[in-house]
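Asks: Sending over a structure as structure tokens; questions will come in a sec.
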Amino acid sequence: MRKTTIILLLLIFTLPACASGSTTIDLTMDEFSFTPTEFTVPAGQEITITARNEGAVIHEFAIMKFGKTVGEDFGDEDDVNIYWAVKVEPGGSITQTFTAPTQPGEYQIVCGIPGHFMAGMFGKLIVVEDR
Ligand SMILES: [Cu+2]
């Protein structure tokens, strides 16, 4: 087969998977934001996240459990409501996997380092039904 045919075939088989949410998350963190701020993933699937910290202090990517938000600021009482989290040192980068929640809906993403949520470090994980 010619190269262009192979590429076309790859596109045809890859596109439907993308429509229901991505199984990869490519994230950059700094003071004080996530980029991008919103992610869509398929329910119950294994998600590979690559998180880079381009800031000068440690940051965290924490997904809250369904229906749980941190309120005014992230505190010790919010720890039990974390679904999954990872911390990245300044200048560092990590790649890890986690299983997306099975319940479709919107989940709050926060940085749990004191003061960072109030400074604007939050986002949204949208879990969509896997087709
Ligand atoms: Cu932070």
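Each chain in the structure tokens gets a letter, A, B and so on, in the order shown; residues start at 1 in every chain, and ligands are counted from 1 in the order they appear.
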Where in chain A does DSSP assign alpha helix (DSSP H), given as a VMD selection string?

Replies: chain A and resid 3 to 19

Asks: Which residues of chain A have any atom within 7 Å of an atom in ligand 1 when counting only C-alpha atoms and all ligand atoms, and what is the closest pair of atoms for each, with the distance in Å to one decimal? Order the rows by chain and rising number and write it as CSV.

Replies:
```
residue,atom,partner,partner_atom_place_in_ligand_line,distance
A:Asp30,CA,ligand 1,1 (Cu),6.9
A:Glu31,CA,ligand 1,1 (Cu),6.6
A:Phe32,CA,ligand 1,1 (Cu),5.9
A:Ile58,CA,ligand 1,1 (Cu),6.4
A:His59,CA,ligand 1,1 (Cu),3.7
A:Glu60,CA,ligand 1,1 (Cu),5.5
A:Cys111,CA,ligand 1,1 (Cu),4.7
A:Gly112,CA,ligand 1,1 (Cu),6.7
A:Ile113,CA,ligand 1,1 (Cu),5.4
A:His116,CA,ligand 1,1 (Cu),4.8
A:Met121,CA,ligand 1,1 (Cu),6.1
```

Asks: If we count only C-alpha atoms, what is near Glu129 of chain A at a cut-off of 6 Å, once residues fewer than 5 positions away on the same chain are taken out, given as a list in words?

Replies: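 After dropping sequence-adjacent residues, the list is Pro42, Ala43 and Pro104 of chain A.
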
Asks: Kindly save the residues from that selection, with N, CA and C atoms included, as a short mmCIF file (atom, residue, chain, number, x, y, z; two decimals), in the first residue's frame.

Replies:
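Writing done, so here's again15.cif:
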```cif
data_model
loop_
_atom_site.label_atom_id
_atom_site.label_comp_id
_atom_site.auth_asym_id
_atom_site.auth_seq_id
_atom_site.Cartn_x
_atom_site.Cartn_y
_atom_site.Cartn_z
N PRO A 42 -13.70 9.64 27.82
CA PRO A 42 -14.76 8.63 27.82
C PRO A 42 -14.85 7.91 29.17
N ALA A 43 -16.06 7.67 29.64
CA ALA A 43 -16.30 7.05 30.94
C ALA A 43 -15.63 5.69 31.05
N PRO A 104 -20.98 9.54 33.87
CA PRO A 104 -20.84 10.70 33.00
C PRO A 104 -21.23 11.99 33.72
#
```

Asks: Using only C-alpha atoms, which residue out of A:Gly115, A:Val57, A:Thr24, A:Arg131 lies closest to Gly92 of chain A?

Replies: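 Answer, going by the shortest atom-to-atom distance: A:Val57.
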
Asks: Would you return as number ranges by chain the members of chain A that DSSP assigns to strand (DSSP E) on this structure's backbone?

Replies: A: 24-30, 33-35, 38-42, 46-53, 59-64, 82-88, 93-99, 105-110, 122-128

Asks: Would you save the residues from that selection as a short mmCIF file (atom, residue, chain, number, x, y, z; two decimals), in the first residue's frame, using C-alpha atoms?

Replies:
```cif
data_model
loop_
_atom_site.label_atom_id
_atom_site.label_comp_id
_atom_site.auth_asym_id
_atom_site.auth_seq_id
_atom_site.Cartn_x
_atom_site.Cartn_y
_atom_site.Cartn_z
CA THR A 24 -5.00 11.26 26.57
CA ILE A 25 -4.67 14.48 28.52
CA ASP A 26 -1.87 16.87 27.69
CA LEU A 27 -1.62 19.45 30.44
CA THR A 28 0.58 22.39 31.34
CA MET A 29 0.53 24.02 34.76
CA ASP A 30 1.96 27.32 35.98
CA SER A 33 -3.58 27.98 35.83
CA PHE A 34 -4.16 24.74 33.95
CA THR A 35 -3.76 24.81 30.16
CA GLU A 38 -11.24 21.68 30.16
CA PHE A 39 -10.89 18.01 29.19
CA THR A 40 -13.35 15.51 27.77
CA VAL A 41 -12.75 11.81 28.41
CA PRO A 42 -14.76 8.63 27.82
CA GLU A 46 -7.88 4.26 30.91
CA ILE A 47 -6.59 7.80 30.50
CA THR A 48 -2.94 8.68 30.01
CA ILE A 49 -2.04 12.09 31.35
CA THR A 50 1.12 14.00 30.63
CA ALA A 51 1.43 16.95 33.00
CA ARG A 52 4.17 19.54 32.80
CA ASN A 53 4.88 22.12 35.47
CA HIS A 59 1.41 22.18 41.41
CA GLU A 60 -1.24 19.49 41.58
CA PHE A 61 -3.84 18.15 39.17
CA ALA A 62 -6.67 16.79 41.31
CA ILE A 63 -10.00 15.49 40.03
CA MET A 64 -12.79 15.81 42.58
CA ILE A 82 -10.46 13.61 45.59
CA TYR A 83 -11.03 11.01 42.89
CA TRP A 84 -7.47 11.02 41.53
CA ALA A 85 -4.53 13.40 41.82
CA VAL A 86 -0.93 13.88 40.86
CA LYS A 87 1.65 16.47 41.95
CA VAL A 88 4.42 17.79 39.71
CA SER A 93 6.91 16.49 33.85
CA ILE A 94 5.07 13.25 34.57
CA THR A 95 3.15 10.72 32.53
CA GLN A 96 0.69 8.51 34.42
CA THR A 97 -2.52 6.63 33.81
CA PHE A 98 -5.81 6.56 35.67
CA THR A 99 -9.25 5.14 35.01
CA GLY A 105 -20.94 14.37 33.95
CA GLU A 106 -18.80 17.31 34.95
CA TYR A 107 -16.03 16.98 37.50
CA GLN A 108 -14.14 19.81 39.13
CA ILE A 109 -10.37 19.91 38.64
CA VAL A 110 -8.33 21.79 41.22
CA PHE A 122 -9.16 25.10 38.58
CA GLY A 123 -10.75 23.47 35.55
CA LYS A 124 -13.28 20.96 34.37
CA LEU A 125 -13.24 17.28 33.43
CA ILE A 126 -16.18 16.25 31.29
CA VAL A 127 -16.87 12.52 31.32
CA VAL A 128 -18.95 11.33 28.38
#
```

Asks: Ranking A:Pro114, A:Pro101, A:Pro90, A:Gly21 by minimum distance to Phe66 of chain A and counting only C-alpha atoms, which one comes first?

Replies: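 Closest residue, counting only C-alpha atoms: A:Pro101.
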
Asks: Record the distance separating atom CA of Lys65 of chain A and atom CA of Asn81 of chain A, expressed in Å with one decimal.

Replies: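 Between atom CA of Lys65 of chain A and atom CA of Asn81 of chain A the gap works out to 5.5 Å.
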
Asks: Counting only C-alpha atoms, figure out which residue out of A:Pro36, A:Gly55, A:Gly67, A:Gly91 gets nearest to Gln103 of chain A.

Replies: A:Gly67

Asks: Rounded to one decimal, what separation in Å do you get between atom CA of Gly44 of chain A and atom CA of Asp130 of chain A?

Replies: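 Computing it gives 7.6 Å between the two atoms.
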